[in-house]
Amino acid sequence: MLEIIKNTNIDFMGKRKYTFIISGILSILGIIAIVQVANGRANLGIDFAGGTAIQLKFEKPVSLHEVRKAVEESGIRDPELQDFPAVNKVLIRVKKTEQQLGQVSDAITLAISQKLPNNKYVVDSTTVIGPKVGSRLRVDTAQAVLISVVGILVYVAFRFKFNFAVGATIATFHDVLAVLGIFYVLGKEINLILITALLTIAGYSLTDTVVVFDRIRENLKIRLKDSVESVMNLSINEVLSRTIVTSMTVLITSIALFFFGGEVIHDFSLAMIVGVIIGTYSSVFVASPVVLLWPSKKPLAKK
Amino acid sequence: MKKNILWRFLFIGFTVLVAIVFFLPNTPLFKSMPDWWKNNMPSKGIILGLDLQGGLHLVFEVEGDKAVETSIDRYIFLLRDALQKKKLQAEVKRNGLSIEITPSTQEIATIVKEGFPILDASSSGQSLVLKISGKEASRIKDSAVDQALETIRNRIDQFGVSEPTIHRQGENEIVVQLPGVKDPRRAIELVGKTAQLEFKLVDDETPVAAQLPQSVGPGDEERVLEQFRDKIPADDEILFEKKLNRETGVVTKFPVLVRKQAALSGNLLSEARVSLDTKFSEPYVSISFNAEGGKLFEEVTGANVKKRLAIILDKTIYSAPVIQERIGGGNAQISGSFSMEEAKDLSIVLKAGALPAPLKMLQNVTVGPSLGEDSISAGTRAGLIGTLAVVVFMIAYYRLSGVIADFALLLNIVLLFGAMASLNATLTLPGIAGIILAIGMAVDSNVLMFERIRDEVRTGKPPRSAVDSGYHKAFWTIFDAHVTTLITAAVLFQFGTGPIKGFAVTLSLGVLINLYTALIGTKAVFDLINSRRDVKKLSI
């Protein structure tokens with residue numbers, strides 16, 4: 001029997017003073033990110049902000065500087081460029097413009113054909129999103145996130161005692177905020193794909209938390225004499241092996257996606273990697289301590 | 001082998017077989033299948049999303065107000081006609097979305113009330129103000145969207161796109177999805193062009209016509225229009241004739257003074273096709289009018305010999321030839337230094353008819369075929385590497401039980417593809433990510449059980465009862481864990497568009513199949529091992 005973790009006896013609950021500080025900082029970062037998004041100061045993707053994105057695949061390696069010069073000389077202000085040198089691809093994004101939809105991409109391709117005549121390219125993708133679609137998508141997304149959080153809360157409250165539902169919800173929020181905050185600090189684009197990743201992380205992290213809670217509930221029934229805190233510690237230690245193995249497998253596949261999945265889902269995979277790590281951390285260090293701290297009139301055991 | 005274990009294996013085998021049958025259409029093998037198989041068995045399989053096979057996703061808004069304006073303009077012509085018949089002198093003009101008739105007399109009011117009950121009349125000072133009721137206006141807007149939908153469908157049918165999706169979204173939007181289109185710009189042009197064809201007489205008699213500049217540089221149109229706005233007669237307007245120099249690519253525009261009222265319009269066409277000029281081998285579009293249009297065309301040309309007739313598409317003059325003689329037979333041609341493709345597209349839009357109102361593009365997501373191919377190969381590579389890594393990890397960690405988990409994992413993948421094929425689900429790039437994630441999570445259920453079984457083994461239980469109670473205890477944990485993932489997947493499915501919906505589909509199917517393989521597949525293997533001999537020790 002190969003076991004990475006065997007009969008551990010770590011005092012997880014006793015470390016909550018430190019972990020609450022870490023988690024607090026991560027959550028505040030996330031809240032700042034949300035405020036910035038709401039004020040339109042974050043790096044919003046064009047699917048939310050509206051604008052044009054065009055990805056070109058060149059025949060030969062291309063200098064980002066030359067592409068930028070060509071685009072800017074065609075009269076397009078503040079283009080954002082990102083290159084994928086391994087595959088000779090360049091992504092050009094232009095947010096809100098006065099020009100009509102569709103004209104920006106034509107102007108960009110025309111400028112590049114003229115300024116870089118010796119390096120042929122094909123247009124990989126063009127995305128043009130009008131401001132109306134963008135703002136509608138923002139509202140839809142906010143709704144979706146809210147609905148799924150409420151759905152999860154209701155389900156957990158139905159299956160567990162209310163305190164656990166609070167713990168699970170706070171832990172889930174914590175994970176989503178933390179990943180959002182980290183992406184904000186890294187200056188990554190906040191787009192629909194990231195939101196998808198966040199919701200997946202929420203579901204995943206909750207799975208992790210539910211597994212821990214399940215064991216706590218079971219142990220609370222048998223170990224009536226022990227304190228709730230020590231039962232929690234015991235339960236977390238008991239499921240630690242499972243928690244880590246599962247995180248490992250999801251992490252392995254996310255890393256495979258990150259390195260080999262291509263540029264389109266690069267950021268998605270990065271979010272998943274960060275999210276899985278934080279989700280695992282929170283199911284151990286955030287969810288259970290919150291259950292313990294949340295005032296409860298009735299004893300936690302039973303039900 | 002115990003009977004009930006045998007049955008379970010047969011059942012698993014059966015589901016695998018069904019999955020393979022459904023997935024066959026996605027394999028090259030399907031082409032070499034006999035005909036009876038192709039005709040009677042599922043033949044669609046998994047559909048590749050636009051992001052994987054390349055194509056366009058367009059969202060247009062139908063500018064319904066313009067349709068209302070058009071219909072108001074039509075009422076103005078009818079009103080003028082009705083007043084003229086009664087020999088009444090009155091000015092009828094449009095003011096935004098209402099009509100003003102000056103002066104406002106009792107007689108005029110009666111004519112309006114009797115002939116045009118759909119218009120709400122009220123007097124304001126010297127004028128009679130007519131408005132289309134709100135209900136009628138929204139009816140016009142609504143039918144404009146339906147008509148536009150129908151027209152776009154016709155155009156795309158003739159353009160030839162396999163499996164296009166064209167549907168209405170909300171109050172005034174149209175979504176057009178064109179998979180596999182190689183020339184996106186051309187397709188957008190074809191769908192989005194209003195294609196309002198009009199024939200208008202050129203007004204060369206008014207002295208102002210001679211004062212118009214010879215040609216206009218790019219961006220200068222507005223200035224010219226502004227300069228001449230008050231100088232031209234009220235019944236005239238300035239339109240521009242566009243000429244393209246094929247060698248230099250330079251477009252020159254010539255202002256032309258034409259009558260506002262069209263002599264003929266495209267709704268009287270019966271046919272449009274591409275023909276080739278024998279002299280210059282330059283393509284042009286020849287059009288035929290229907291009986292009514294032919295008669296009108298003959299009248300108009302007969303009455304205006306030696307004058308010029310402008311052929312106008314969407315406010316741009318294509319040509320303005322001099323009428324040499326009365327033209328019978330109802331045929332005409334539109335030339336304008338077209339390329340073969342342009343001529344073909346023009347004939348398509350003319351045949352399918354004009355859109356009832358202009359379209360405004362709200363969204364355009366175009367994926368070239370090369371990116372789709374790149375994404376498929378990247379996704380497959382990441383999937384293979386990820387799966388392999390997980391398989392190795394599981395065997396290293398759980399040994400023989402790891403092999404069982406890997407068996408469940410492969411079962412999972414086969415069933416997932418089969419389920420997707422049976423639902424004709426759309427596979428998108430985020431969908432591939434969903435599958436790869438589901439692979440990572442698939443192992444989770446097994447891990448949960450193995451850990452439980454390990455616990456039971458530690459307490460000294462014999463293998464068989466350790467497996468049974470381990471499974472029993474893990475069941476609700478697995479169930480709860482999966483339901484929470486399903487909740488988020490369902491929400492993603494509900495609100496997500498295209499690619500994200502694909503992600504939700506693969507993730508939720510993955511989760512459901514995961515439950516099946518873990519609770520039935522893995523358990524059957526464990527029971528098989530335990531039933532064969534007196535197992536002393538579990539390799540877990």
# chains A, B, ... in the order shown; residues from 1 in each chain; ligands from 1

$ interface_residues --of "chain A" --to "chain B" --cutoff "7 Å" --atoms "only C-alpha atoms" --output "PyMOL selection string"
chain A and resi 1-3+101+123-130+133+140+144+148+151-152+199-200+203-204+206-207+210-211+214+242+246+249-250+252-253+256-257+260-262

$ residues_around --residues "B:Lys131" --least-positions-apart "2" --cutoff "8 Å" --atoms "only C-alpha atoms" --output "PDB file with all heavy atoms, in the first residue's frame"
ATOM      1  N   LEU B  97     -41.486  60.060 -37.053  1.00  0.00           N
ATOM      2  CA  LEU B  97     -42.354  58.904 -37.238  1.00  0.00           C
ATOM      3  C   LEU B  97     -43.816  59.331 -37.409  1.00  0.00           C
ATOM      4  O   LEU B  97     -44.735  58.575 -37.129  1.00  0.00           O
ATOM      5  CB  LEU B  97     -42.213  57.927 -36.069  1.00  0.00           C
ATOM      6  CG  LEU B  97     -40.888  57.151 -36.023  1.00  0.00           C
ATOM      7  CD1 LEU B  97     -40.822  56.262 -34.793  1.00  0.00           C
ATOM      8  CD2 LEU B  97     -40.652  56.331 -37.274  1.00  0.00           C
ATOM      9  N   SER B  98     -44.038  60.584 -37.855  1.00  0.00           N
ATOM     10  CA  SER B  98     -45.419  60.996 -38.098  1.00  0.00           C
ATOM     11  C   SER B  98     -45.520  61.743 -39.434  1.00  0.00           C
ATOM     12  O   SER B  98     -44.517  62.136 -40.023  1.00  0.00           O
ATOM     13  CB  SER B  98     -45.928  61.873 -36.946  1.00  0.00           C
ATOM     14  OG  SER B  98     -45.096  62.987 -36.796  1.00  0.00           O
ATOM     15  N   ILE B  99     -46.762  61.894 -39.894  1.00  0.00           N
ATOM     16  CA  ILE B  99     -46.999  62.548 -41.189  1.00  0.00           C
ATOM     17  C   ILE B  99     -47.732  63.858 -40.929  1.00  0.00           C
ATOM     18  O   ILE B  99     -48.644  63.909 -40.101  1.00  0.00           O
ATOM     19  CB  ILE B  99     -47.884  61.649 -42.093  1.00  0.00           C
ATOM     20  CG1 ILE B  99     -47.237  60.266 -42.251  1.00  0.00           C
ATOM     21  CG2 ILE B  99     -48.106  62.305 -43.455  1.00  0.00           C
ATOM     22  CD1 ILE B  99     -48.157  59.247 -42.892  1.00  0.00           C
ATOM     23  N   LEU B 119     -54.275  55.071 -39.319  1.00  0.00           N
ATOM     24  CA  LEU B 119     -53.514  56.231 -38.843  1.00  0.00           C
ATOM     25  C   LEU B 119     -54.328  57.033 -37.823  1.00  0.00           C
ATOM     26  O   LEU B 119     -55.509  57.311 -38.042  1.00  0.00           O
ATOM     27  CB  LEU B 119     -53.144  57.133 -40.023  1.00  0.00           C
ATOM     28  CG  LEU B 119     -52.273  56.490 -41.103  1.00  0.00           C
ATOM     29  CD1 LEU B 119     -52.163  57.401 -42.307  1.00  0.00           C
ATOM     30  CD2 LEU B 119     -50.898  56.169 -40.553  1.00  0.00           C
ATOM     31  N   ASP B 120     -53.689  57.363 -36.712  1.00  0.00           N
ATOM     32  CA  ASP B 120     -54.342  58.210 -35.707  1.00  0.00           C
ATOM     33  C   ASP B 120     -54.149  59.666 -36.110  1.00  0.00           C
ATOM     34  O   ASP B 120     -53.023  60.135 -36.218  1.00  0.00           O
ATOM     35  CB  ASP B 120     -53.715  57.994 -34.322  1.00  0.00           C
ATOM     36  CG  ASP B 120     -53.980  56.578 -33.814  1.00  0.00           C
ATOM     37  OD1 ASP B 120     -54.933  55.951 -34.329  1.00  0.00           O
ATOM     38  OD2 ASP B 120     -53.236  56.114 -32.941  1.00  0.00           O
ATOM     39  N   ALA B 121     -55.269  60.378 -36.309  1.00  0.00           N
ATOM     40  CA  ALA B 121     -55.163  61.771 -36.740  1.00  0.00           C
ATOM     41  C   ALA B 121     -55.419  62.720 -35.581  1.00  0.00           C
ATOM     42  O   ALA B 121     -56.225  62.455 -34.704  1.00  0.00           O
ATOM     43  CB  ALA B 121     -56.164  62.036 -37.856  1.00  0.00           C
ATOM     44  N   VAL B 129     -51.849  66.072 -38.159  1.00  0.00           N
ATOM     45  CA  VAL B 129     -50.742  65.166 -37.838  1.00  0.00           C
ATOM     46  C   VAL B 129     -51.264  63.737 -37.757  1.00  0.00           C
ATOM     47  O   VAL B 129     -52.226  63.445 -37.043  1.00  0.00           O
ATOM     48  CB  VAL B 129     -50.058  65.560 -36.507  1.00  0.00           C
ATOM     49  CG1 VAL B 129     -48.946  64.581 -36.172  1.00  0.00           C
ATOM     50  CG2 VAL B 129     -49.521  66.977 -36.596  1.00  0.00           C
ATOM     51  N   SER B 133     -50.374  53.926 -34.972  1.00  0.00           N
ATOM     52  CA  SER B 133     -50.604  53.571 -33.571  1.00  0.00           C
ATOM     53  C   SER B 133     -49.452  52.701 -33.072  1.00  0.00           C
ATOM     54  O   SER B 133     -48.793  52.016 -33.849  1.00  0.00           O
ATOM     55  CB  SER B 133     -51.922  52.821 -33.436  1.00  0.00           C
ATOM     56  OG  SER B 133     -51.810  51.554 -34.028  1.00  0.00           O
TER      57      SER B 133
END

$ select_by_dssp --residues "stretch 14-193 of chain A" --states "alpha helix (DSSP H)" --output "short mmCIF file (atom, residue, chain, number, x, y, z; two decimals) with N, CA and C atoms, in the first residue's frame"
data_model
loop_
_atom_site.label_atom_id
_atom_site.label_comp_id
_atom_site.auth_asym_id
_atom_site.auth_seq_id
_atom_site.Cartn_x
_atom_site.Cartn_y
_atom_site.Cartn_z
N ARG A 16 -5.89 28.15 12.56
CA ARG A 16 -6.84 29.04 11.88
C ARG A 16 -6.48 30.51 12.01
N LYS A 17 -5.74 30.86 13.09
CA LYS A 17 -5.36 32.27 13.21
C LYS A 17 -4.54 32.73 12.00
N TYR A 18 -3.59 31.87 11.61
CA TYR A 18 -2.73 32.24 10.48
C TYR A 18 -3.50 32.16 9.16
N THR A 19 -4.25 31.06 9.04
CA THR A 19 -4.90 30.87 7.75
C THR A 19 -5.99 31.91 7.52
N PHE A 20 -6.61 32.36 8.60
CA PHE A 20 -7.64 33.39 8.42
C PHE A 20 -7.03 34.68 7.88
N ILE A 21 -5.80 34.95 8.29
CA ILE A 21 -5.12 36.16 7.77
C ILE A 21 -4.87 36.01 6.27
N ILE A 22 -4.32 34.84 5.90
CA ILE A 22 -4.06 34.59 4.47
C ILE A 22 -5.36 34.69 3.67
N SER A 23 -6.38 33.98 4.19
CA SER A 23 -7.65 33.96 3.48
C SER A 23 -8.28 35.34 3.40
N GLY A 24 -8.12 36.10 4.51
CA GLY A 24 -8.65 37.46 4.52
C GLY A 24 -8.02 38.30 3.42
N ILE A 25 -6.70 38.21 3.31
CA ILE A 25 -6.00 38.99 2.28
C ILE A 25 -6.49 38.59 0.89
N LEU A 26 -6.58 37.26 0.66
CA LEU A 26 -7.02 36.78 -0.65
C LEU A 26 -8.43 37.27 -0.97
N SER A 27 -9.30 37.21 0.05
CA SER A 27 -10.69 37.62 -0.19
C SER A 27 -10.77 39.12 -0.48
N ILE A 28 -9.98 39.91 0.26
CA ILE A 28 -10.01 41.35 0.03
C ILE A 28 -9.54 41.67 -1.39
N LEU A 29 -8.50 40.95 -1.83
CA LEU A 29 -8.04 41.13 -3.22
C LEU A 29 -9.19 40.89 -4.19
N GLY A 30 -9.94 39.82 -3.91
CA GLY A 30 -11.06 39.49 -4.78
C GLY A 30 -12.11 40.57 -4.77
N ILE A 31 -12.40 41.11 -3.57
CA ILE A 31 -13.42 42.16 -3.46
C ILE A 31 -12.95 43.41 -4.22
N ILE A 32 -11.66 43.74 -4.05
CA ILE A 32 -11.12 44.88 -4.81
C ILE A 32 -11.31 44.65 -6.30
N ALA A 33 -11.02 43.40 -6.74
CA ALA A 33 -11.17 43.08 -8.16
C ALA A 33 -12.61 43.31 -8.61
N ILE A 34 -13.57 42.88 -7.79
CA ILE A 34 -14.98 43.05 -8.18
C ILE A 34 -15.34 44.52 -8.27
N VAL A 35 -14.87 45.30 -7.28
CA VAL A 35 -15.16 46.74 -7.31
C VAL A 35 -14.58 47.37 -8.57
N GLN A 36 -13.34 46.97 -8.90
CA GLN A 36 -12.69 47.52 -10.09
C GLN A 36 -13.44 47.12 -11.36
N VAL A 37 -13.91 45.87 -11.37
CA VAL A 37 -14.68 45.40 -12.54
C VAL A 37 -15.94 46.24 -12.68
N ALA A 38 -16.62 46.44 -11.54
CA ALA A 38 -17.87 47.20 -11.56
C ALA A 38 -17.63 48.63 -12.05
N ILE A 46 -13.14 41.54 -24.02
CA ILE A 46 -14.05 42.25 -24.92
C ILE A 46 -15.44 41.65 -24.90
N ASP A 47 -15.58 40.39 -24.43
CA ASP A 47 -16.93 39.84 -24.36
C ASP A 47 -17.78 40.61 -23.35
N PHE A 48 -17.14 41.21 -22.35
CA PHE A 48 -17.89 42.02 -21.39
C PHE A 48 -17.86 43.51 -21.75
N ALA A 49 -16.70 43.97 -22.26
CA ALA A 49 -16.55 45.40 -22.46
C ALA A 49 -16.97 45.83 -23.86
N LEU A 64 6.59 41.63 -32.25
CA LEU A 64 5.39 42.25 -31.69
C LEU A 64 5.44 43.77 -31.88
N HIS A 65 6.67 44.27 -31.80
CA HIS A 65 6.86 45.71 -31.95
C HIS A 65 6.41 46.19 -33.32
N GLU A 66 6.78 45.44 -34.36
CA GLU A 66 6.40 45.83 -35.72
C GLU A 66 4.90 45.78 -35.92
N VAL A 67 4.28 44.72 -35.36
CA VAL A 67 2.83 44.60 -35.49
C VAL A 67 2.16 45.79 -34.80
N ARG A 68 2.65 46.12 -33.60
CA ARG A 68 2.07 47.25 -32.87
C ARG A 68 2.18 48.54 -33.66
N LYS A 69 3.37 48.73 -34.26
CA LYS A 69 3.60 49.95 -35.02
C LYS A 69 2.61 50.04 -36.20
N ALA A 70 2.47 48.90 -36.89
CA ALA A 70 1.58 48.87 -38.05
C ALA A 70 0.15 49.20 -37.63
N VAL A 71 -0.28 48.60 -36.54
CA VAL A 71 -1.67 48.80 -36.10
C VAL A 71 -1.88 50.24 -35.66
N GLU A 72 -0.90 50.76 -34.90
CA GLU A 72 -1.08 52.13 -34.39
C GLU A 72 -1.04 53.16 -35.51
N GLU A 73 -0.20 52.90 -36.52
CA GLU A 73 -0.13 53.85 -37.63
C GLU A 73 -1.40 53.88 -38.46
N GLN A 103 -15.30 47.41 -38.82
CA GLN A 103 -14.31 48.18 -39.56
C GLN A 103 -12.93 48.08 -38.93
N VAL A 104 -12.89 47.89 -37.61
CA VAL A 104 -11.61 47.84 -36.93
C VAL A 104 -10.80 46.66 -37.43
N SER A 105 -11.44 45.50 -37.54
CA SER A 105 -10.69 44.32 -37.96
C SER A 105 -10.19 44.48 -39.39
N ASP A 106 -11.01 45.09 -40.25
CA ASP A 106 -10.57 45.34 -41.63
C ASP A 106 -9.37 46.27 -41.65
N ALA A 107 -9.45 47.32 -40.81
CA ALA A 107 -8.35 48.28 -40.77
C ALA A 107 -7.06 47.60 -40.30
N ILE A 108 -7.18 46.72 -39.32
CA ILE A 108 -5.99 46.05 -38.79
C ILE A 108 -5.36 45.14 -39.84
N THR A 109 -6.19 44.31 -40.49
CA THR A 109 -5.62 43.39 -41.47
C THR A 109 -5.01 44.14 -42.65
N LEU A 110 -5.67 45.23 -43.06
CA LEU A 110 -5.14 46.03 -44.16
C LEU A 110 -3.77 46.60 -43.79
N ALA A 111 -3.68 47.16 -42.57
CA ALA A 111 -2.43 47.78 -42.14
C ALA A 111 -1.31 46.76 -42.08
N ILE A 112 -1.61 45.57 -41.56
CA ILE A 112 -0.56 44.57 -41.42
C ILE A 112 -0.13 44.02 -42.78
N SER A 113 -1.09 43.85 -43.68
CA SER A 113 -0.73 43.38 -45.03
C SER A 113 0.19 44.38 -45.70
N GLN A 114 -0.06 45.68 -45.47
CA GLN A 114 0.75 46.70 -46.13
C GLN A 114 2.13 46.86 -45.49
N LYS A 115 2.15 46.84 -44.13
CA LYS A 115 3.40 47.13 -43.43
C LYS A 115 4.30 45.91 -43.32
N PRO A 131 -21.37 46.96 -27.80
CA PRO A 131 -21.51 47.32 -26.39
C PRO A 131 -22.79 46.77 -25.76
N LYS A 132 -23.83 46.65 -26.56
CA LYS A 132 -25.11 46.17 -26.02
C LYS A 132 -24.99 44.71 -25.56
N VAL A 133 -24.34 43.91 -26.41
CA VAL A 133 -24.15 42.51 -26.07
C VAL A 133 -23.29 42.38 -24.83
N GLY A 134 -22.24 43.20 -24.77
CA GLY A 134 -21.33 43.17 -23.64
C GLY A 134 -22.04 43.42 -22.32
N SER A 135 -22.85 44.48 -22.30
CA SER A 135 -23.49 44.82 -21.02
C SER A 135 -24.53 43.78 -20.65
N ARG A 136 -25.19 43.21 -21.67
CA ARG A 136 -26.18 42.18 -21.36
C ARG A 136 -25.48 40.95 -20.77
N LEU A 137 -24.31 40.64 -21.34
CA LEU A 137 -23.56 39.49 -20.86
C LEU A 137 -23.11 39.69 -19.42
N ARG A 138 -22.74 40.92 -19.07
CA ARG A 138 -22.32 41.20 -17.69
C ARG A 138 -23.45 40.89 -16.73
N VAL A 139 -24.66 41.35 -17.08
CA VAL A 139 -25.81 41.12 -16.20
C VAL A 139 -26.11 39.62 -16.10
N ASP A 140 -26.12 38.94 -17.26
CA ASP A 140 -26.38 37.50 -17.28
C ASP A 140 -25.40 36.74 -16.40
N THR A 141 -24.12 37.14 -16.51
CA THR A 141 -23.09 36.44 -15.76
C THR A 141 -23.28 36.63 -14.26
N ALA A 142 -23.56 37.87 -13.86
CA ALA A 142 -23.78 38.14 -12.45
C ALA A 142 -24.93 37.28 -11.95
N GLN A 143 -25.99 37.19 -12.74
CA GLN A 143 -27.13 36.35 -12.36
C GLN A 143 -26.73 34.90 -12.21
N ALA A 144 -25.96 34.41 -13.19
CA ALA A 144 -25.58 33.00 -13.18
C ALA A 144 -24.78 32.66 -11.93
N VAL A 145 -23.83 33.54 -11.60
CA VAL A 145 -22.99 33.29 -10.43
C VAL A 145 -23.87 33.26 -9.18
N LEU A 146 -24.79 34.22 -9.10
CA LEU A 146 -25.67 34.30 -7.94
C LEU A 146 -26.56 33.06 -7.82
N ILE A 147 -27.15 32.66 -8.95
CA ILE A 147 -28.06 31.51 -8.93
C ILE A 147 -27.32 30.25 -8.49
N SER A 148 -26.10 30.06 -9.03
CA SER A 148 -25.41 28.83 -8.66
C SER A 148 -25.00 28.83 -7.20
N VAL A 149 -24.60 30.00 -6.68
CA VAL A 149 -24.23 30.06 -5.27
C VAL A 149 -25.45 29.76 -4.39
N VAL A 150 -26.61 30.35 -4.74
CA VAL A 150 -27.82 30.10 -3.96
C VAL A 150 -28.22 28.63 -4.06
N GLY A 151 -28.14 28.07 -5.28
CA GLY A 151 -28.48 26.66 -5.48
C GLY A 151 -27.64 25.75 -4.60
N ILE A 152 -26.35 26.04 -4.56
CA ILE A 152 -25.44 25.21 -3.76
C ILE A 152 -25.77 25.36 -2.28
N LEU A 153 -25.99 26.61 -1.87
CA LEU A 153 -26.29 26.88 -0.46
C LEU A 153 -27.54 26.12 -0.03
N VAL A 154 -28.58 26.16 -0.88
CA VAL A 154 -29.83 25.47 -0.55
C VAL A 154 -29.58 23.97 -0.44
N TYR A 155 -28.82 23.43 -1.39
CA TYR A 155 -28.58 21.99 -1.35
C TYR A 155 -27.81 21.58 -0.10
N VAL A 156 -26.75 22.33 0.22
CA VAL A 156 -25.94 21.97 1.38
C VAL A 156 -26.76 22.13 2.66
N ALA A 157 -27.59 23.18 2.72
CA ALA A 157 -28.43 23.39 3.90
C ALA A 157 -29.44 22.25 4.04
N PHE A 158 -29.87 21.73 2.91
CA PHE A 158 -30.83 20.62 2.92
C PHE A 158 -30.17 19.34 3.41
N ARG A 159 -28.91 19.14 3.06
CA ARG A 159 -28.22 17.90 3.41
C ARG A 159 -27.51 17.97 4.76
N PHE A 162 -27.41 23.94 9.24
CA PHE A 162 -27.23 25.27 8.66
C PHE A 162 -25.80 25.79 8.79
N ASN A 163 -25.16 25.53 9.94
CA ASN A 163 -23.80 25.99 10.15
C ASN A 163 -22.86 25.51 9.05
N PHE A 164 -23.08 24.25 8.66
CA PHE A 164 -22.23 23.69 7.61
C PHE A 164 -22.46 24.39 6.28
N ALA A 165 -23.73 24.70 6.03
CA ALA A 165 -24.05 25.42 4.79
C ALA A 165 -23.32 26.76 4.76
N VAL A 166 -23.31 27.44 5.92
CA VAL A 166 -22.60 28.72 5.99
C VAL A 166 -21.11 28.52 5.71
N GLY A 167 -20.54 27.50 6.36
CA GLY A 167 -19.12 27.21 6.17
C GLY A 167 -18.80 26.92 4.72
N ALA A 168 -19.64 26.08 4.10
CA ALA A 168 -19.40 25.70 2.71
C ALA A 168 -19.51 26.91 1.79
N THR A 169 -20.54 27.73 2.05
CA THR A 169 -20.73 28.89 1.18
C THR A 169 -19.58 29.88 1.32
N ILE A 170 -19.18 30.14 2.55
CA ILE A 170 -18.08 31.08 2.74
C ILE A 170 -16.80 30.54 2.10
N ALA A 171 -16.56 29.24 2.26
CA ALA A 171 -15.36 28.66 1.66
C ALA A 171 -15.41 28.78 0.13
N THR A 172 -16.61 28.55 -0.43
CA THR A 172 -16.74 28.63 -1.89
C THR A 172 -16.52 30.06 -2.38
N PHE A 173 -17.16 31.01 -1.69
CA PHE A 173 -16.96 32.42 -2.04
C PHE A 173 -15.49 32.79 -1.95
N HIS A 174 -14.87 32.31 -0.88
CA HIS A 174 -13.46 32.58 -0.65
C HIS A 174 -12.62 32.13 -1.85
N ASP A 175 -12.92 30.94 -2.37
CA ASP A 175 -12.13 30.42 -3.49
C ASP A 175 -12.31 31.26 -4.74
N VAL A 176 -13.59 31.58 -5.02
CA VAL A 176 -13.87 32.37 -6.21
C VAL A 176 -13.20 33.74 -6.10
N LEU A 177 -13.34 34.36 -4.92
CA LEU A 177 -12.72 35.68 -4.71
C LEU A 177 -11.21 35.59 -4.85
N ALA A 178 -10.63 34.54 -4.27
CA ALA A 178 -9.17 34.43 -4.28
C ALA A 178 -8.65 34.31 -5.71
N VAL A 179 -9.28 33.43 -6.51
CA VAL A 179 -8.80 33.25 -7.89
C VAL A 179 -8.98 34.54 -8.69
N LEU A 180 -10.15 35.17 -8.49
CA LEU A 180 -10.42 36.44 -9.18
C LEU A 180 -9.37 37.47 -8.79
N GLY A 181 -9.09 37.55 -7.48
CA GLY A 181 -8.12 38.52 -6.96
C GLY A 181 -6.73 38.26 -7.54
N ILE A 182 -6.34 36.99 -7.58
CA ILE A 182 -5.01 36.66 -8.10
C ILE A 182 -4.93 37.02 -9.59
N PHE A 183 -5.99 36.73 -10.33
CA PHE A 183 -6.00 37.07 -11.75
C PHE A 183 -5.96 38.58 -11.95
N TYR A 184 -6.63 39.29 -11.05
CA TYR A 184 -6.63 40.75 -11.15
C TYR A 184 -5.21 41.29 -10.92
N VAL A 185 -4.57 40.76 -9.88
CA VAL A 185 -3.21 41.22 -9.56
C VAL A 185 -2.25 40.89 -10.70
N LEU A 192 -15.36 35.80 -20.14
CA LEU A 192 -16.36 34.76 -19.94
C LEU A 192 -15.72 33.41 -19.61
N ILE A 193 -14.58 33.15 -20.25
CA ILE A 193 -13.90 31.88 -20.00
C ILE A 193 -13.44 31.80 -18.54
#

$ atom_distance --atom1 "atom CA of B:Glu282" --atom2 "atom CA of B:Gly353"
24.1 Å

$ residues_around --residues "stretch 68-81 of chain B" --least-positions-apart "3" --cutoff "9 Å" --atoms "only C-alpha atoms" --output "PyMOL selection string"
chain B and resi 64-65+84-86+90-94+96-99+111-112+115-116+131-132+137-138+140-141+356-357

$ atom_distance --atom1 "atom CA of B:Asp468" --atom2 "atom CA of A:Leu224"
26.1 Å

$ select_by_dssp --residues "stretch 93-173 of chain A" --states "strand (DSSP E or B)" --output "list of chain:residue names"
A:Arg93, A:Val94, A:Lys95, A:Tyr121, A:Val122, A:Val123, A:Asp124, A:Ser125, A:Thr126, A:Thr127, A:Val128, A:Ile129
